[in-house]
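Asks: Data file protein.txt (compact mmCIF, C-alpha atoms) is appended below.
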# COMPACT_ATOMS: atom_id res chain seq x y z
CA MET A 1 7.80 -4.41 -16.05
CA THR A 2 7.09 -1.39 -13.90
CA ARG A 3 9.86 1.21 -13.85
CA ILE A 4 10.20 4.15 -11.47
CA GLU A 5 13.02 6.66 -11.24
CA VAL A 6 13.57 8.61 -8.01
CA LEU A 7 15.33 11.96 -8.25
CA HIS A 8 16.52 14.36 -5.54
CA LEU A 9 14.75 17.72 -5.49
CA ASP A 10 15.81 19.58 -2.34
CA ASN A 11 16.83 18.65 1.22
CA MET A 12 14.97 15.33 1.87
CA GLN A 13 12.50 15.84 -1.00
CA HIS A 14 12.56 13.27 -3.79
CA GLU A 15 10.39 12.90 -6.87
CA ALA A 16 9.32 9.44 -8.01
CA THR A 17 8.37 9.38 -11.69
CA ASP A 18 7.40 6.87 -14.33
CA GLY A 19 8.07 9.46 -17.04
CA GLU A 20 4.41 10.47 -17.26
CA HIS A 21 3.26 10.80 -13.63
CA SER A 22 5.12 11.83 -10.52
CA LEU A 23 4.81 12.22 -6.79
CA VAL A 24 6.94 13.97 -4.21
CA MET A 25 8.13 12.20 -1.09
CA ASP A 26 9.62 13.96 1.91
CA GLU A 27 10.18 13.52 5.62
CA PRO A 28 8.49 15.43 8.46
CA ASN A 29 10.11 18.56 9.87
CA GLU A 30 11.06 16.80 13.11
CA VAL A 31 13.43 14.45 11.27
CA GLY A 32 14.98 17.08 9.01
CA GLY A 33 12.55 17.19 6.09
CA ASP A 34 10.25 19.95 4.92
CA ASN A 35 7.01 17.91 5.14
CA VAL A 36 5.95 18.70 1.55
CA GLY A 37 5.07 15.13 0.61
CA MET A 38 4.30 11.74 2.02
CA THR A 39 7.02 9.68 3.64
CA PRO A 40 8.17 6.51 1.86
CA TYR A 41 6.08 4.36 4.24
CA GLU A 42 3.02 6.53 3.63
CA THR A 43 3.61 6.10 -0.10
CA LEU A 44 3.84 2.33 0.37
CA LEU A 45 0.53 2.29 2.29
CA SER A 46 -1.01 4.47 -0.42
CA ALA A 47 0.00 1.94 -3.07
CA LEU A 48 -1.59 -0.87 -1.07
CA GLY A 49 -4.77 1.07 -0.30
CA GLY A 50 -5.15 2.25 -3.89
CA CYS A 51 -4.65 -1.26 -5.21
CA ILE A 52 -7.25 -2.70 -2.81
CA ALA A 53 -9.82 -0.04 -3.75
CA MET A 54 -9.21 -0.41 -7.50
CA THR A 55 -9.32 -4.20 -7.33
CA LEU A 56 -12.68 -4.10 -5.54
CA ARG A 57 -14.10 -1.63 -8.08
CA LEU A 58 -12.96 -3.77 -11.01
CA TYR A 59 -14.35 -6.94 -9.43
CA ALA A 60 -17.70 -5.33 -8.60
CA ARG A 61 -17.92 -3.80 -12.08
CA ARG A 62 -17.29 -7.19 -13.70
CA LYS A 63 -19.94 -8.82 -11.49
CA GLU A 64 -22.30 -5.86 -12.03
CA TRP A 65 -22.65 -5.40 -8.26
CA PRO A 66 -23.93 -2.05 -6.89
CA LEU A 67 -20.69 -0.96 -5.21
CA GLU A 68 -20.95 2.74 -4.39
CA ASP A 69 -17.79 3.49 -2.43
CA VAL A 70 -14.66 1.92 -1.00
CA ARG A 71 -12.59 3.47 1.79
CA VAL A 72 -9.33 1.84 2.87
CA ILE A 73 -7.65 2.82 6.14
CA LEU A 74 -4.11 1.57 6.72
CA THR A 75 -1.50 1.83 9.46
CA HIS A 76 2.10 0.66 9.64
CA ASP A 77 4.02 -0.15 12.81
CA LYS A 78 7.29 -1.81 13.70
CA LEU A 79 6.73 -4.20 16.58
CA HIS A 80 8.90 -6.55 18.57
CA ALA A 81 7.90 -10.01 17.38
CA LYS A 82 7.34 -11.21 20.95
CA ASP A 83 4.74 -8.43 21.43
CA CYS A 84 2.66 -9.39 18.39
CA GLN A 85 0.07 -11.97 19.39
CA GLU A 86 -1.28 -12.29 15.83
CA CYS A 87 2.15 -12.82 14.22
CA GLU A 88 3.94 -16.03 13.33
CA HIS A 89 7.50 -14.78 14.00
CA GLU A 90 8.84 -14.81 17.53
CA GLU A 91 12.14 -12.93 17.22
CA GLY A 92 13.27 -9.49 16.10
CA MET A 93 11.24 -6.61 14.72
CA LEU A 94 8.23 -7.03 12.46
CA ASP A 95 6.58 -4.67 10.06
CA VAL A 96 2.84 -4.85 10.73
CA ILE A 97 0.34 -3.30 8.34
CA ARG A 98 -3.24 -3.17 9.56
CA ARG A 99 -6.07 -2.42 7.18
CA LYS A 100 -9.75 -1.70 7.37
CA VAL A 101 -11.82 -1.82 4.20
CA GLU A 102 -15.16 -0.01 4.33
CA ILE A 103 -17.53 -0.96 1.53
CA LYS A 104 -20.74 0.91 0.70
CA GLY A 105 -23.50 -0.08 -1.64
CA ASP A 106 -26.73 -2.02 -1.84
CA LEU A 107 -24.86 -5.31 -1.52
CA THR A 108 -26.00 -8.62 -0.08
CA PRO A 109 -24.10 -9.92 2.96
CA GLU A 110 -22.54 -12.53 0.66
CA GLN A 111 -21.35 -9.88 -1.82
CA HIS A 112 -19.95 -7.77 1.00
CA ALA A 113 -18.07 -10.78 2.43
CA ARG A 114 -16.73 -11.68 -1.01
CA LEU A 115 -15.40 -8.17 -1.55
CA GLN A 116 -13.65 -8.30 1.83
CA GLU A 117 -12.03 -11.56 0.71
CA ILE A 118 -11.06 -10.09 -2.66
CA ALA A 119 -9.36 -7.18 -0.84
CA THR A 120 -6.61 -9.58 0.25
CA ARG A 121 -6.02 -10.62 -3.36
CA CYS A 122 -5.00 -7.33 -4.93
CA PRO A 123 -1.60 -7.48 -6.68
CA VAL A 124 0.19 -5.18 -4.21
CA HIS A 125 -1.12 -7.17 -1.22
CA ARG A 126 0.11 -10.38 -2.86
CA THR A 127 3.51 -8.80 -3.49
CA LEU A 128 3.88 -7.59 0.09
CA THR A 129 2.84 -10.92 1.59
CA GLY A 130 4.82 -13.04 -0.87
CA THR A 131 8.53 -13.59 -1.18
CA ILE A 132 10.27 -10.40 -2.25
CA GLU A 133 13.81 -9.95 -3.43
CA VAL A 134 15.30 -6.51 -3.98
CA LEU A 135 18.31 -7.00 -6.22
CA HIS A 136 21.09 -4.55 -7.08
CA ASP A 137 21.32 -4.29 -10.88
CA ASP A 138 23.86 -1.93 -12.46
CA SER A 139 22.49 -2.72 -15.92
CA LEU A 140 19.29 -0.72 -15.36
CA ALA A 141 19.27 2.40 -17.50
Would you mind writing the file out in structure tokens?

Replies:
Amino acid sequence: MTRIEVLHLDNMQHEATDGEHSLVMDEPNEVGGDNVGMTPYETLLSALGGCIAMTLRLYARRKEWPLEDVRVILTHDKLHAKDCQECEHEEGMLDVIRRKVEIKGDLTPEQHARLQEIATRCPVHRTLTGTIEVLHDDSLA
């Protein structure tokens, strides 16, 4: 089980920690924060991008493929469902994450294509595209 604790620091600043590592989240100045850390959505995109890049490195290492570099670019938007031509839902607002995975190395076209496919199989991607339940649990310590 992964466990994170989020603690208030100052104003809108919060520290997320696992007890060994930490990161600071904040909001931009224009919405009342001090802009000293990433927003929660930026942190979410960072988790996805980091997971994609690490998954590709592990896969290429296991296959002994000459992967030199991975760059993941992500955006997040909230769109009206009726305005999203690529989406399955037709009503309400949708969260849309777009990603671009740039892969460098002396790879064959088949290896490159396989790595692009593997990018959709990282654990965080699977979590975000699967069924998620966020449950209130007073027993957590």

Asks: If I take CA of Val70 (chain A) and CA of Ala53 (chain A), how far is one from the other in Å, to one decimal?

Replies: 5.9 Å

Asks: Expressed in Å to a single decimal, how great is the separation between CA of Thr131 (chain A) and CA of Leu74 (chain A)?

Replies: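 That distance, rounded to one decimal, is 21.3 Å.
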
Asks: Could you work out how far CA of Tyr41 (chain A) lies from CA of Ala60 (chain A), giving the answer in Å with one decimal?

Replies: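 These two atoms are separated by 28.7 Å.
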
Asks: Which one is closest to Glu5 (chain A): A:Leu94, A:Leu23, A:Leu128, A:Leu79? Count all atoms listed in the file.

Replies: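 The closest residue to Glu5 (chain A) is A:Leu23.
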
Asks: For Ala119 (chain A), please output as a PyMOL selection string all residues within 12 Å (counting only C-alpha atoms; exclusion window: fewer than 2 positions along the same chain).

Replies: chain A and resi 48-60+70-72+99-103+112-117+121-126

Asks: Rank A:Leu45, A:Met93, A:Met38, A:Glu64 by their smallest atom-to-atom distance to His76 (chain A), using all atoms listed in the file, and report the top residue only.

Replies: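 Among the listed residues, A:Leu45 lies closest to His76 (chain A).
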
Asks: Can you pull out the residues contacting region 9-14 of chain A? Cut-off 10 Å, using all atoms listed in the file, and skip same-chain residues under 2 positions away; I want them as a ChimeraX atom specification.

Replies: /A:5-7,16-17,23-29,31-40

Asks: What would region 62-75 of chain A look like with N, CA and C atoms restored, written as a PDB file, keeping the file's coordinate frame?

Replies:
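Result file is out-v8.pdb:
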ATOM      1  N   ARG A  62     -17.183  -5.961 -12.901  1.00  0.00           N
ATOM      2  CA  ARG A  62     -17.290  -7.190 -13.700  1.00  0.00           C
ATOM      3  C   ARG A  62     -18.497  -8.025 -13.298  1.00  0.00           C
ATOM      4  N   LYS A  63     -18.794  -8.053 -12.006  1.00  0.00           N
ATOM      5  CA  LYS A  63     -19.940  -8.820 -11.490  1.00  0.00           C
ATOM      6  C   LYS A  63     -21.251  -8.042 -11.599  1.00  0.00           C
ATOM      7  N   GLU A  64     -21.149  -6.758 -11.962  1.00  0.00           N
ATOM      8  CA  GLU A  64     -22.300  -5.860 -12.030  1.00  0.00           C
ATOM      9  C   GLU A  64     -22.991  -5.731 -10.664  1.00  0.00           C
ATOM     10  N   TRP A  65     -22.154  -5.606  -9.618  1.00  0.00           N
ATOM     11  CA  TRP A  65     -22.650  -5.400  -8.260  1.00  0.00           C
ATOM     12  C   TRP A  65     -22.752  -3.907  -7.984  1.00  0.00           C
ATOM     13  N   PRO A  66     -23.711  -3.481  -7.156  1.00  0.00           N
ATOM     14  CA  PRO A  66     -23.930  -2.050  -6.890  1.00  0.00           C
ATOM     15  C   PRO A  66     -22.974  -1.470  -5.843  1.00  0.00           C
ATOM     16  N   LEU A  67     -21.691  -1.547  -6.109  1.00  0.00           N
ATOM     17  CA  LEU A  67     -20.690  -0.960  -5.210  1.00  0.00           C
ATOM     18  C   LEU A  67     -20.686   0.550  -5.397  1.00  0.00           C
ATOM     19  N   GLU A  68     -20.915   1.277  -4.320  1.00  0.00           N
ATOM     20  CA  GLU A  68     -20.950   2.740  -4.390  1.00  0.00           C
ATOM     21  C   GLU A  68     -19.622   3.369  -3.994  1.00  0.00           C
ATOM     22  N   ASP A  69     -19.005   2.855  -2.920  1.00  0.00           N
ATOM     23  CA  ASP A  69     -17.790   3.490  -2.430  1.00  0.00           C
ATOM     24  C   ASP A  69     -16.925   2.482  -1.693  1.00  0.00           C
ATOM     25  N   VAL A  70     -15.634   2.719  -1.745  1.00  0.00           N
ATOM     26  CA  VAL A  70     -14.660   1.920  -1.000  1.00  0.00           C
ATOM     27  C   VAL A  70     -13.738   2.900  -0.282  1.00  0.00           C
ATOM     28  N   ARG A  71     -13.533   2.671   0.994  1.00  0.00           N
ATOM     29  CA  ARG A  71     -12.590   3.470   1.790  1.00  0.00           C
ATOM     30  C   ARG A  71     -11.649   2.491   2.458  1.00  0.00           C
ATOM     31  N   VAL A  72     -10.350   2.722   2.289  1.00  0.00           N
ATOM     32  CA  VAL A  72      -9.330   1.840   2.870  1.00  0.00           C
ATOM     33  C   VAL A  72      -8.519   2.655   3.855  1.00  0.00           C
ATOM     34  N   ILE A  73      -8.430   2.174   5.087  1.00  0.00           N
ATOM     35  CA  ILE A  73      -7.650   2.820   6.140  1.00  0.00           C
ATOM     36  C   ILE A  73      -6.509   1.876   6.489  1.00  0.00           C
ATOM     37  N   LEU A  74      -5.289   2.401   6.488  1.00  0.00           N
ATOM     38  CA  LEU A  74      -4.110   1.570   6.720  1.00  0.00           C
ATOM     39  C   LEU A  74      -3.194   2.211   7.763  1.00  0.00           C
ATOM     40  N   THR A  75      -2.545   1.365   8.553  1.00  0.00           N
ATOM     41  CA  THR A  75      -1.500   1.830   9.460  1.00  0.00           C
ATOM     42  C   THR A  75      -0.293   0.916   9.305  1.00  0.00           C
TER      43      THR A  75
END
